[in-house]
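Enquirer: Just one file: structure_17.pdb, with PDB, N, CA and C atoms.
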ATOM      1  N   MET A   1     -49.300  -0.042  17.193
ATOM      2  CA  MET A   1     -48.186   0.531  17.905
ATOM      3  C   MET A   1     -48.586   1.914  18.408
ATOM      4  N   ALA A   2     -48.451   2.139  19.676
ATOM      5  CA  ALA A   2     -48.811   3.420  20.271
ATOM      6  C   ALA A   2     -47.646   4.391  20.138
ATOM      7  N   LEU A   3     -47.940   5.586  19.660
ATOM      8  CA  LEU A   3     -46.913   6.611  19.516
ATOM      9  C   LEU A   3     -46.998   7.581  20.684
ATOM     10  N   SER A   4     -45.847   8.027  21.133
ATOM     11  CA  SER A   4     -45.842   9.003  22.224
ATOM     12  C   SER A   4     -46.400  10.334  21.719
ATOM     13  N   ILE A   5     -46.834  11.145  22.646
ATOM     14  CA  ILE A   5     -47.368  12.465  22.279
ATOM     15  C   ILE A   5     -46.293  13.291  21.595
ATOM     16  N   LYS A   6     -45.060  13.195  22.092
ATOM     17  CA  LYS A   6     -43.952  13.950  21.502
ATOM     18  C   LYS A   6     -43.727  13.529  20.048
ATOM     19  N   LEU A   7     -43.751  12.223  19.779
ATOM     20  CA  LEU A   7     -43.545  11.740  18.420
ATOM     21  C   LEU A   7     -44.701  12.145  17.522
ATOM     22  N   ARG A   8     -45.928  12.021  18.002
ATOM     23  CA  ARG A   8     -47.082  12.431  17.205
ATOM     24  C   ARG A   8     -47.017  13.918  16.877
ATOM     25  N   THR A   9     -46.601  14.728  17.845
ATOM     26  CA  THR A   9     -46.482  16.164  17.615
ATOM     27  C   THR A   9     -45.433  16.449  16.553
ATOM     28  N   ARG A  10     -44.310  15.738  16.628
ATOM     29  CA  ARG A  10     -43.224  15.914  15.648
ATOM     30  C   ARG A  10     -43.698  15.512  14.250
ATOM     31  N   ILE A  11     -44.416  14.411  14.145
ATOM     32  CA  ILE A  11     -44.910  13.959  12.852
ATOM     33  C   ILE A  11     -45.878  14.987  12.270
ATOM     34  N   LEU A  12     -46.796  15.482  13.078
ATOM     35  CA  LEU A  12     -47.743  16.492  12.603
ATOM     36  C   LEU A  12     -47.003  17.746  12.149
ATOM     37  N   TYR A  13     -45.965  18.156  12.880
ATOM     38  CA  TYR A  13     -45.170  19.310  12.498
ATOM     39  C   TYR A  13     -44.538  19.080  11.126
ATOM     40  N   LEU A  14     -43.944  17.904  10.931
ATOM     41  CA  LEU A  14     -43.310  17.609   9.641
ATOM     42  C   LEU A  14     -44.322  17.622   8.511
ATOM     43  N   VAL A  15     -45.462  17.008   8.727
ATOM     44  CA  VAL A  15     -46.481  16.932   7.685
ATOM     45  C   VAL A  15     -46.974  18.327   7.321
ATOM     46  N   HIS A  16     -47.245  19.153   8.325
ATOM     47  CA  HIS A  16     -47.810  20.471   8.057
ATOM     48  C   HIS A  16     -46.756  21.495   7.633
ATOM     49  N   SER A  17     -45.531  21.360   8.086
ATOM     50  CA  SER A  17     -44.485  22.325   7.750
ATOM     51  C   SER A  17     -43.940  22.122   6.341
ATOM     52  N   PHE A  18     -43.744  20.893   5.973
ATOM     53  CA  PHE A  18     -43.110  20.597   4.694
ATOM     54  C   PHE A  18     -44.076  20.003   3.684
ATOM     55  N   VAL A  19     -45.287  19.794   4.082
ATOM     56  CA  VAL A  19     -46.313  19.188   3.248
ATOM     57  C   VAL A  19     -45.784  17.894   2.625
ATOM     58  N   LEU A  20     -45.360  16.994   3.474
ATOM     59  CA  LEU A  20     -44.869  15.694   3.027
ATOM     60  C   LEU A  20     -46.041  14.731   2.902
ATOM     61  N   SER A  21     -45.975  13.908   1.900
ATOM     62  CA  SER A  21     -46.972  12.852   1.799
ATOM     63  C   SER A  21     -46.637  11.792   2.843
ATOM     64  N   TYR A  22     -47.571  10.920   3.093
ATOM     65  CA  TYR A  22     -47.332   9.846   4.052
ATOM     66  C   TYR A  22     -46.141   9.001   3.605
ATOM     67  N   ALA A  23     -46.048   8.720   2.299
ATOM     68  CA  ALA A  23     -44.951   7.892   1.776
ATOM     69  C   ALA A  23     -43.598   8.576   1.983
ATOM     70  N   GLU A  24     -43.530   9.902   1.757
ATOM     71  CA  GLU A  24     -42.279  10.628   1.955
ATOM     72  C   GLU A  24     -41.886  10.661   3.431
ATOM     73  N   LEU A  25     -42.871  10.873   4.281
ATOM     74  CA  LEU A  25     -42.609  10.887   5.714
ATOM     75  C   LEU A  25     -42.130   9.516   6.183
ATOM     76  N   PHE A  26     -42.808   8.474   5.737
ATOM     77  CA  PHE A  26     -42.403   7.111   6.091
ATOM     78  C   PHE A  26     -40.973   6.859   5.634
ATOM     79  N   ASP A  27     -40.642   7.283   4.419
ATOM     80  CA  ASP A  27     -39.306   7.070   3.868
ATOM     81  C   ASP A  27     -38.247   7.779   4.705
ATOM     82  N   ARG A  28     -38.520   8.990   5.143
ATOM     83  CA  ARG A  28     -37.565   9.731   5.973
ATOM     84  C   ARG A  28     -37.356   9.066   7.332
ATOM     85  N   ILE A  29     -38.443   8.684   7.954
ATOM     86  CA  ILE A  29     -38.340   8.044   9.275
ATOM     87  C   ILE A  29     -37.659   6.689   9.152
ATOM     88  N   TYR A  30     -38.014   5.932   8.143
ATOM     89  CA  TYR A  30     -37.415   4.612   7.922
ATOM     90  C   TYR A  30     -35.909   4.750   7.651
ATOM     91  N   GLY A  31     -35.527   5.717   6.821
ATOM     92  CA  GLY A  31     -34.111   5.950   6.530
ATOM     93  C   GLY A  31     -33.333   6.353   7.764
ATOM     94  N   ALA A  32     -33.940   7.213   8.582
ATOM     95  CA  ALA A  32     -33.285   7.630   9.822
ATOM     96  C   ALA A  32     -33.100   6.439  10.758
ATOM     97  N   TRP A  33     -34.115   5.600  10.843
ATOM     98  CA  TRP A  33     -34.036   4.422  11.711
ATOM     99  C   TRP A  33     -32.954   3.456  11.225
ATOM    100  N   LEU A  34     -32.899   3.215   9.920
ATOM    101  CA  LEU A  34     -31.866   2.325   9.381
ATOM    102  C   LEU A  34     -30.470   2.895   9.624
ATOM    103  N   GLY A  35     -30.323   4.206   9.468
ATOM    104  CA  GLY A  35     -29.030   4.841   9.729
ATOM    105  C   GLY A  35     -28.608   4.693  11.177
ATOM    106  N   ARG A  36     -29.569   4.838  12.069
ATOM    107  CA  ARG A  36     -29.253   4.675  13.491
ATOM    108  C   ARG A  36     -28.851   3.226  13.791
ATOM    109  N   CYS A  37     -29.588   2.284  13.235
ATOM    110  CA  CYS A  37     -29.263   0.863  13.449
ATOM    111  C   CYS A  37     -27.868   0.537  12.916
ATOM    112  N   ALA A  38     -27.556   1.026  11.716
ATOM    113  CA  ALA A  38     -26.239   0.758  11.129
ATOM    114  C   ALA A  38     -25.135   1.384  11.976
ATOM    115  N   GLY A  39     -25.340   2.606  12.420
ATOM    116  CA  GLY A  39     -24.338   3.272  13.256
ATOM    117  C   GLY A  39     -24.095   2.543  14.561
ATOM    118  N   CYS A  40     -25.171   2.059  15.167
ATOM    119  CA  CYS A  40     -25.022   1.321  16.432
ATOM    120  C   CYS A  40     -24.254   0.018  16.213
ATOM    121  N   GLN A  41     -24.564  -0.687  15.148
ATOM    122  CA  GLN A  41     -23.900  -1.962  14.882
ATOM    123  C   GLN A  41     -22.431  -1.767  14.503
ATOM    124  N   LEU A  42     -22.147  -0.757  13.697
ATOM    125  CA  LEU A  42     -20.771  -0.526  13.271
ATOM    126  C   LEU A  42     -19.903   0.031  14.400
ATOM    127  N   GLY A  43     -20.508   0.751  15.323
ATOM    128  CA  GLY A  43     -19.735   1.326  16.424
ATOM    129  C   GLY A  43     -19.524   0.380  17.583
ATOM    130  N   LYS A  44     -20.313  -0.677  17.657
ATOM    131  CA  LYS A  44     -20.254  -1.596  18.797
ATOM    132  C   LYS A  44     -18.868  -2.210  19.007
ATOM    133  N   PRO A  45     -18.160  -2.670  17.943
ATOM    134  CA  PRO A  45     -16.850  -3.305  18.168
ATOM    135  C   PRO A  45     -15.804  -2.388  18.797
ATOM    136  N   VAL A  46     -15.952  -1.080  18.654
ATOM    137  CA  VAL A  46     -14.951  -0.165  19.190
ATOM    138  C   VAL A  46     -15.532   0.721  20.296
ATOM    139  N   GLU A  47     -16.685   0.354  20.810
ATOM    140  CA  GLU A  47     -17.306   1.137  21.872
ATOM    141  C   GLU A  47     -16.403   1.158  23.102
ATOM    142  N   GLY A  48     -16.125   2.327  23.600
ATOM    143  CA  GLY A  48     -15.293   2.473  24.789
ATOM    144  C   GLY A  48     -13.799   2.469  24.488
ATOM    145  N   ALA A  49     -13.430   2.258  23.232
ATOM    146  CA  ALA A  49     -12.010   2.243  22.867
ATOM    147  C   ALA A  49     -11.527   3.667  22.632
ATOM    148  N   SER A  50     -10.247   3.867  22.834
ATOM    149  CA  SER A  50      -9.667   5.173  22.527
ATOM    150  C   SER A  50      -9.565   5.318  21.009
ATOM    151  N   LYS A  51      -9.275   6.524  20.558
ATOM    152  CA  LYS A  51      -9.139   6.770  19.119
ATOM    153  C   LYS A  51      -8.018   5.896  18.536
ATOM    154  N   GLU A  52      -6.934   5.787  19.267
ATOM    155  CA  GLU A  52      -5.804   4.973  18.802
ATOM    156  C   GLU A  52      -6.180   3.488  18.732
ATOM    157  N   GLN A  53      -6.894   2.995  19.743
ATOM    158  CA  GLN A  53      -7.319   1.586  19.738
ATOM    159  C   GLN A  53      -8.288   1.320  18.586
ATOM    160  N   ALA A  54      -9.185   2.265  18.303
ATOM    161  CA  ALA A  54     -10.129   2.108  17.190
ATOM    162  C   ALA A  54      -9.376   2.085  15.858
ATOM    163  N   ARG A  55      -8.358   2.943  15.725
ATOM    164  CA  ARG A  55      -7.559   2.971  14.498
ATOM    165  C   ARG A  55      -6.825   1.646  14.298
ATOM    166  N   ILE A  56      -6.250   1.106  15.356
ATOM    167  CA  ILE A  56      -5.543  -0.177  15.267
ATOM    168  C   ILE A  56      -6.510  -1.296  14.878
ATOM    169  N   ALA A  57      -7.685  -1.296  15.479
ATOM    170  CA  ALA A  57      -8.693  -2.313  15.133
ATOM    171  C   ALA A  57      -9.079  -2.205  13.663
ATOM    172  N   ALA A  58      -9.214  -0.980  13.146
ATOM    173  CA  ALA A  58      -9.569  -0.784  11.740
ATOM    174  C   ALA A  58      -8.434  -1.236  10.828
ATOM    175  N   GLU A  59      -7.189  -0.952  11.213
ATOM    176  CA  GLU A  59      -6.041  -1.393  10.414
ATOM    177  C   GLU A  59      -5.972  -2.915  10.344
ATOM    178  N   LEU A  60      -6.228  -3.576  11.461
ATOM    179  CA  LEU A  60      -6.164  -5.041  11.492
ATOM    180  C   LEU A  60      -7.265  -5.681  10.648
ATOM    181  N   SER A  61      -8.370  -4.980  10.487
ATOM    182  CA  SER A  61      -9.472  -5.526   9.686
ATOM    183  C   SER A  61      -9.435  -5.003   8.256
ATOM    184  N   THR A  62      -8.331  -4.421   7.847
ATOM    185  CA  THR A  62      -8.132  -3.802   6.530
ATOM    186  C   THR A  62      -9.205  -2.759   6.229
ATOM    187  N   GLY A  63      -9.701  -2.109   7.263
ATOM    188  CA  GLY A  63     -10.711  -1.076   7.069
ATOM    189  C   GLY A  63     -10.164   0.320   7.317
ATOM    190  N   TYR A  64      -8.845   0.475   7.229
ATOM    191  CA  TYR A  64      -8.249   1.775   7.475
ATOM    192  C   TYR A  64      -7.250   2.071   6.377
ATOM    193  N   PRO A  65      -7.206   3.212   5.810
ATOM    194  CA  PRO A  65      -8.070   4.354   6.070
ATOM    195  C   PRO A  65      -9.484   4.113   5.541
ATOM    196  N   LEU A  66     -10.425   4.861   6.093
ATOM    197  CA  LEU A  66     -11.819   4.662   5.730
ATOM    198  C   LEU A  66     -12.098   5.078   4.286
ATOM    199  N   MET A  67     -11.378   6.057   3.799
ATOM    200  CA  MET A  67     -11.533   6.501   2.409
ATOM    201  C   MET A  67     -10.167   6.586   1.772
ATOM    202  N   LYS A  68     -10.094   6.336   0.470
ATOM    203  CA  LYS A  68      -8.829   6.449  -0.232
ATOM    204  C   LYS A  68      -8.339   7.887  -0.142
ATOM    205  N   GLY A  69      -7.055   8.053   0.049
ATOM    206  CA  GLY A  69      -6.475   9.371   0.153
ATOM    207  C   GLY A  69      -6.565   9.956   1.549
ATOM    208  N   ASN A  70      -7.195   9.255   2.445
ATOM    209  CA  ASN A  70      -7.330   9.709   3.831
ATOM    210  C   ASN A  70      -6.091   9.276   4.600
ATOM    211  N   SER A  71      -5.419  10.188   5.262
ATOM    212  CA  SER A  71      -4.236   9.783   6.026
ATOM    213  C   SER A  71      -4.299  10.228   7.451
TER     214      SER A  71
END
Taking this structure as input, can you express it in the form of structure tokens?

Expert:
Amino acid sequence: MALSIKLRTRILYLVHSFVLSYAELFDRIYGAWLGRCAGCQLGKPVEGASKEQARIAAELSTGYPLMKGNS
């Protein structure tokens, strides 16, 4: 897999700035990628919806409120 110059520069910066091992760096990048994938998938059903429409969709799916005590 070919990495862009910008990505290679960023990786080198992280390695040299924080002295991360390859495993730690891989873990951070992998975690960030998984978080982005999850966010994209979870946001897709309400993409383009207003805040009120998103709230109604969450209520209908018993996913509202998102946290207990949240009103």

Enquirer: I'd like the interatomic distance between atom N of A:Ala54 and atom C of A:Arg36, to a tenth of an Å.

Expert: 20.2 Å

Enquirer: Take atom N of A:Leu25 and atom C of A:Ile11 and report the distance between them in Å, one decimal.

Expert: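 Distance reported for this atom pair: 9.5 Å.
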
Enquirer: Please, which residues of chain A, numbered as in this document, come out helix (DSSP H, G or I) from DSSP, as a PyMOL selection string?

Expert: chain A and resi 5-18+22-46+51-60

Enquirer: Quote the spacing between atom CA of A:Leu7 and atom CA of A:Gly39 in Å to one decimal place.

Expert: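 That distance, rounded to one decimal, is 21.6 Å.
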
Enquirer: For a cut-off of 12 Å around (-13.6, -5.1, 16.4), file coordinates, pick out all residues using only C-alpha atoms and list them as an mmCIF file with N, CA and C atoms, keeping the file's coordinate frame.

Expert:
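Result written to part.cif:
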data_model
loop_
_atom_site.group_PDB
_atom_site.id
_atom_site.type_symbol
_atom_site.label_atom_id
_atom_site.label_comp_id
_atom_site.auth_asym_id
_atom_site.auth_seq_id
_atom_site.Cartn_x
_atom_site.Cartn_y
_atom_site.Cartn_z
ATOM 1 N N GLN A 41 -24.564 -0.687 15.148
ATOM 2 C CA GLN A 41 -23.900 -1.962 14.882
ATOM 3 C C GLN A 41 -22.431 -1.767 14.503
ATOM 4 N N LEU A 42 -22.147 -0.757 13.697
ATOM 5 C CA LEU A 42 -20.771 -0.526 13.271
ATOM 6 C C LEU A 42 -19.903 0.031 14.400
ATOM 7 N N GLY A 43 -20.508 0.751 15.323
ATOM 8 C CA GLY A 43 -19.735 1.326 16.424
ATOM 9 C C GLY A 43 -19.524 0.380 17.583
ATOM 10 N N LYS A 44 -20.313 -0.677 17.657
ATOM 11 C CA LYS A 44 -20.254 -1.596 18.797
ATOM 12 C C LYS A 44 -18.868 -2.210 19.007
ATOM 13 N N PRO A 45 -18.160 -2.670 17.943
ATOM 14 C CA PRO A 45 -16.850 -3.305 18.168
ATOM 15 C C PRO A 45 -15.804 -2.388 18.797
ATOM 16 N N VAL A 46 -15.952 -1.080 18.654
ATOM 17 C CA VAL A 46 -14.951 -0.165 19.190
ATOM 18 C C VAL A 46 -15.532 0.721 20.296
ATOM 19 N N GLU A 47 -16.685 0.354 20.810
ATOM 20 C CA GLU A 47 -17.306 1.137 21.872
ATOM 21 C C GLU A 47 -16.403 1.158 23.102
ATOM 22 N N GLY A 48 -16.125 2.327 23.600
ATOM 23 C CA GLY A 48 -15.293 2.473 24.789
ATOM 24 C C GLY A 48 -13.799 2.469 24.488
ATOM 25 N N ALA A 49 -13.430 2.258 23.232
ATOM 26 C CA ALA A 49 -12.010 2.243 22.867
ATOM 27 C C ALA A 49 -11.527 3.667 22.632
ATOM 28 N N GLN A 53 -6.894 2.995 19.743
ATOM 29 C CA GLN A 53 -7.319 1.586 19.738
ATOM 30 C C GLN A 53 -8.288 1.320 18.586
ATOM 31 N N ALA A 54 -9.185 2.265 18.303
ATOM 32 C CA ALA A 54 -10.129 2.108 17.190
ATOM 33 C C ALA A 54 -9.376 2.085 15.858
ATOM 34 N N ARG A 55 -8.358 2.943 15.725
ATOM 35 C CA ARG A 55 -7.559 2.971 14.498
ATOM 36 C C ARG A 55 -6.825 1.646 14.298
ATOM 37 N N ILE A 56 -6.250 1.106 15.356
ATOM 38 C CA ILE A 56 -5.543 -0.177 15.267
ATOM 39 C C ILE A 56 -6.510 -1.296 14.878
ATOM 40 N N ALA A 57 -7.685 -1.296 15.479
ATOM 41 C CA ALA A 57 -8.693 -2.313 15.133
ATOM 42 C C ALA A 57 -9.079 -2.205 13.663
ATOM 43 N N ALA A 58 -9.214 -0.980 13.146
ATOM 44 C CA ALA A 58 -9.569 -0.784 11.740
ATOM 45 C C ALA A 58 -8.434 -1.236 10.828
ATOM 46 N N GLU A 59 -7.189 -0.952 11.213
ATOM 47 C CA GLU A 59 -6.041 -1.393 10.414
ATOM 48 C C GLU A 59 -5.972 -2.915 10.344
ATOM 49 N N LEU A 60 -6.228 -3.576 11.461
ATOM 50 C CA LEU A 60 -6.164 -5.041 11.492
ATOM 51 C C LEU A 60 -7.265 -5.681 10.648
ATOM 52 N N SER A 61 -8.370 -4.980 10.487
ATOM 53 C CA SER A 61 -9.472 -5.526 9.686
ATOM 54 C C SER A 61 -9.435 -5.003 8.256
ATOM 55 N N THR A 62 -8.331 -4.421 7.847
ATOM 56 C CA THR A 62 -8.132 -3.802 6.530
ATOM 57 C C THR A 62 -9.205 -2.759 6.229
ATOM 58 N N GLY A 63 -9.701 -2.109 7.263
ATOM 59 C CA GLY A 63 -10.711 -1.076 7.069
ATOM 60 C C GLY A 63 -10.164 0.320 7.317
#

Enquirer: For stretch 9-46 of chain A in the structure I just supplied, write out N, CA and C atoms - as an mmCIF file, in the first residue's frame.

Expert:
data_model
loop_
_atom_site.group_PDB
_atom_site.id
_atom_site.type_symbol
_atom_site.label_atom_id
_atom_site.label_comp_id
_atom_site.auth_asym_id
_atom_site.auth_seq_id
_atom_site.Cartn_x
_atom_site.Cartn_y
_atom_site.Cartn_z
ATOM 1 N N THR A 9 4.809 11.862 6.343
ATOM 2 C CA THR A 9 5.364 12.936 7.162
ATOM 3 C C THR A 9 4.708 12.955 8.531
ATOM 4 N N ARG A 10 3.389 12.776 8.557
ATOM 5 C CA ARG A 10 2.640 12.762 9.825
ATOM 6 C C ARG A 10 3.084 11.581 10.692
ATOM 7 N N ILE A 11 3.254 10.418 10.094
ATOM 8 C CA ILE A 11 3.679 9.245 10.843
ATOM 9 C C ILE A 11 5.071 9.471 11.431
ATOM 10 N N LEU A 12 5.987 9.990 10.637
ATOM 11 C CA LEU A 12 7.337 10.261 11.133
ATOM 12 C C LEU A 12 7.293 11.270 12.276
ATOM 13 N N TYR A 13 6.447 12.296 12.169
ATOM 14 C CA TYR A 13 6.300 13.278 13.228
ATOM 15 C C TYR A 13 5.832 12.597 14.513
ATOM 16 N N LEU A 14 4.818 11.741 14.401
ATOM 17 C CA LEU A 14 4.309 11.049 15.591
ATOM 18 C C LEU A 14 5.373 10.168 16.218
ATOM 19 N N VAL A 15 6.087 9.427 15.403
ATOM 20 C CA VAL A 15 7.106 8.517 15.916
ATOM 21 C C VAL A 15 8.206 9.298 16.626
ATOM 22 N N HIS A 16 8.665 10.384 16.017
ATOM 23 C CA HIS A 16 9.781 11.129 16.590
ATOM 24 C C HIS A 16 9.353 12.067 17.719
ATOM 25 N N SER A 17 8.142 12.574 17.690
ATOM 26 C CA SER A 17 7.683 13.506 18.719
ATOM 27 C C SER A 17 7.309 12.800 20.016
ATOM 28 N N PHE A 18 6.650 11.688 19.897
ATOM 29 C CA PHE A 18 6.139 11.003 21.077
ATOM 30 C C PHE A 18 6.880 9.709 21.371
ATOM 31 N N VAL A 19 7.808 9.363 20.541
ATOM 32 C CA VAL A 19 8.572 8.132 20.660
ATOM 33 C C VAL A 19 7.625 6.943 20.842
ATOM 34 N N LEU A 20 6.735 6.785 19.897
ATOM 35 C CA LEU A 20 5.793 5.669 19.915
ATOM 36 C C LEU A 20 6.431 4.464 19.238
ATOM 37 N N SER A 21 6.155 3.316 19.777
ATOM 38 C CA SER A 21 6.592 2.104 19.100
ATOM 39 C C SER A 21 5.683 1.889 17.895
ATOM 40 N N TYR A 22 6.096 1.022 17.015
ATOM 41 C CA TYR A 22 5.278 0.721 15.844
ATOM 42 C C TYR A 22 3.914 0.190 16.281
ATOM 43 N N ALA A 23 3.894 -0.668 17.308
ATOM 44 C CA ALA A 23 2.632 -1.253 17.785
ATOM 45 C C ALA A 23 1.700 -0.174 18.341
ATOM 46 N N GLU A 24 2.251 0.797 19.093
ATOM 47 C CA GLU A 24 1.429 1.874 19.639
ATOM 48 C C GLU A 24 0.886 2.772 18.529
ATOM 49 N N LEU A 25 1.733 3.063 17.563
ATOM 50 C CA LEU A 25 1.303 3.883 16.438
ATOM 51 C C LEU A 25 0.212 3.171 15.644
ATOM 52 N N PHE A 26 0.422 1.896 15.372
ATOM 53 C CA PHE A 26 -0.584 1.109 14.654
ATOM 54 C C PHE A 26 -1.899 1.124 15.420
ATOM 55 N N ASP A 27 -1.836 0.953 16.737
ATOM 56 C CA ASP A 27 -3.037 0.923 17.566
ATOM 57 C C ASP A 27 -3.786 2.248 17.498
ATOM 58 N N ARG A 28 -3.077 3.357 17.526
ATOM 59 C CA ARG A 28 -3.718 4.672 17.441
ATOM 60 C C ARG A 28 -4.388 4.893 16.085
ATOM 61 N N ILE A 29 -3.677 4.560 15.037
ATOM 62 C CA ILE A 29 -4.236 4.749 13.689
ATOM 63 C C ILE A 29 -5.416 3.813 13.472
ATOM 64 N N TYR A 30 -5.288 2.582 13.904
ATOM 65 C CA TYR A 30 -6.366 1.599 13.757
ATOM 66 C C TYR A 30 -7.605 2.046 14.549
ATOM 67 N N GLY A 31 -7.403 2.521 15.775
ATOM 68 C CA GLY A 31 -8.517 3.006 16.592
ATOM 69 C C GLY A 31 -9.207 4.199 15.967
ATOM 70 N N ALA A 32 -8.408 5.113 15.417
ATOM 71 C CA ALA A 32 -8.984 6.283 14.751
ATOM 72 C C ALA A 32 -9.801 5.859 13.534
ATOM 73 N N TRP A 33 -9.279 4.910 12.781
ATOM 74 C CA TRP A 33 -9.987 4.430 11.592
ATOM 75 C C TRP A 33 -11.301 3.748 11.976
ATOM 76 N N LEU A 34 -11.271 2.911 13.006
ATOM 77 C CA LEU A 34 -12.502 2.247 13.450
ATOM 78 C C LEU A 34 -13.526 3.266 13.943
ATOM 79 N N GLY A 35 -13.062 4.286 14.656
ATOM 80 C CA GLY A 35 -13.968 5.334 15.126
ATOM 81 C C GLY A 35 -14.613 6.083 13.977
ATOM 82 N N ARG A 36 -13.823 6.349 12.954
ATOM 83 C CA ARG A 36 -14.377 7.039 11.786
ATOM 84 C C ARG A 36 -15.409 6.154 11.078
ATOM 85 N N CYS A 37 -15.089 4.884 10.921
ATOM 86 C CA CYS A 37 -16.029 3.955 10.271
ATOM 87 C C CYS A 37 -17.335 3.861 11.060
ATOM 88 N N ALA A 38 -17.228 3.744 12.383
ATOM 89 C CA ALA A 38 -18.431 3.644 13.216
ATOM 90 C C ALA A 38 -19.258 4.923 13.120
ATOM 91 N N GLY A 39 -18.604 6.065 13.170
ATOM 92 C CA GLY A 39 -19.321 7.338 13.064
ATOM 93 C C GLY A 39 -20.041 7.491 11.741
ATOM 94 N N CYS A 40 -19.383 7.071 10.668
ATOM 95 C CA CYS A 40 -20.017 7.168 9.344
ATOM 96 C C CYS A 40 -21.238 6.252 9.259
ATOM 97 N N GLN A 41 -21.121 5.049 9.774
ATOM 98 C CA GLN A 41 -22.230 4.100 9.705
ATOM 99 C C GLN A 41 -23.395 4.525 10.600
ATOM 100 N N LEU A 42 -23.091 5.017 11.791
ATOM 101 C CA LEU A 42 -24.152 5.419 12.707
ATOM 102 C C LEU A 42 -24.839 6.711 12.265
ATOM 103 N N GLY A 43 -24.118 7.567 11.570
ATOM 104 C CA GLY A 43 -24.709 8.829 11.126
ATOM 105 C C GLY A 43 -25.474 8.724 9.827
ATOM 106 N N LYS A 44 -25.246 7.665 9.071
ATOM 107 C CA LYS A 44 -25.862 7.524 7.749
ATOM 108 C C LYS A 44 -27.392 7.574 7.786
ATOM 109 N N PRO A 45 -28.070 6.887 8.741
ATOM 110 C CA PRO A 45 -29.544 6.903 8.732
ATOM 111 C C PRO A 45 -30.160 8.287 8.920
ATOM 112 N N VAL A 46 -29.437 9.218 9.523
ATOM 113 C CA VAL A 46 -30.002 10.539 9.774
ATOM 114 C C VAL A 46 -29.255 11.627 8.998
#
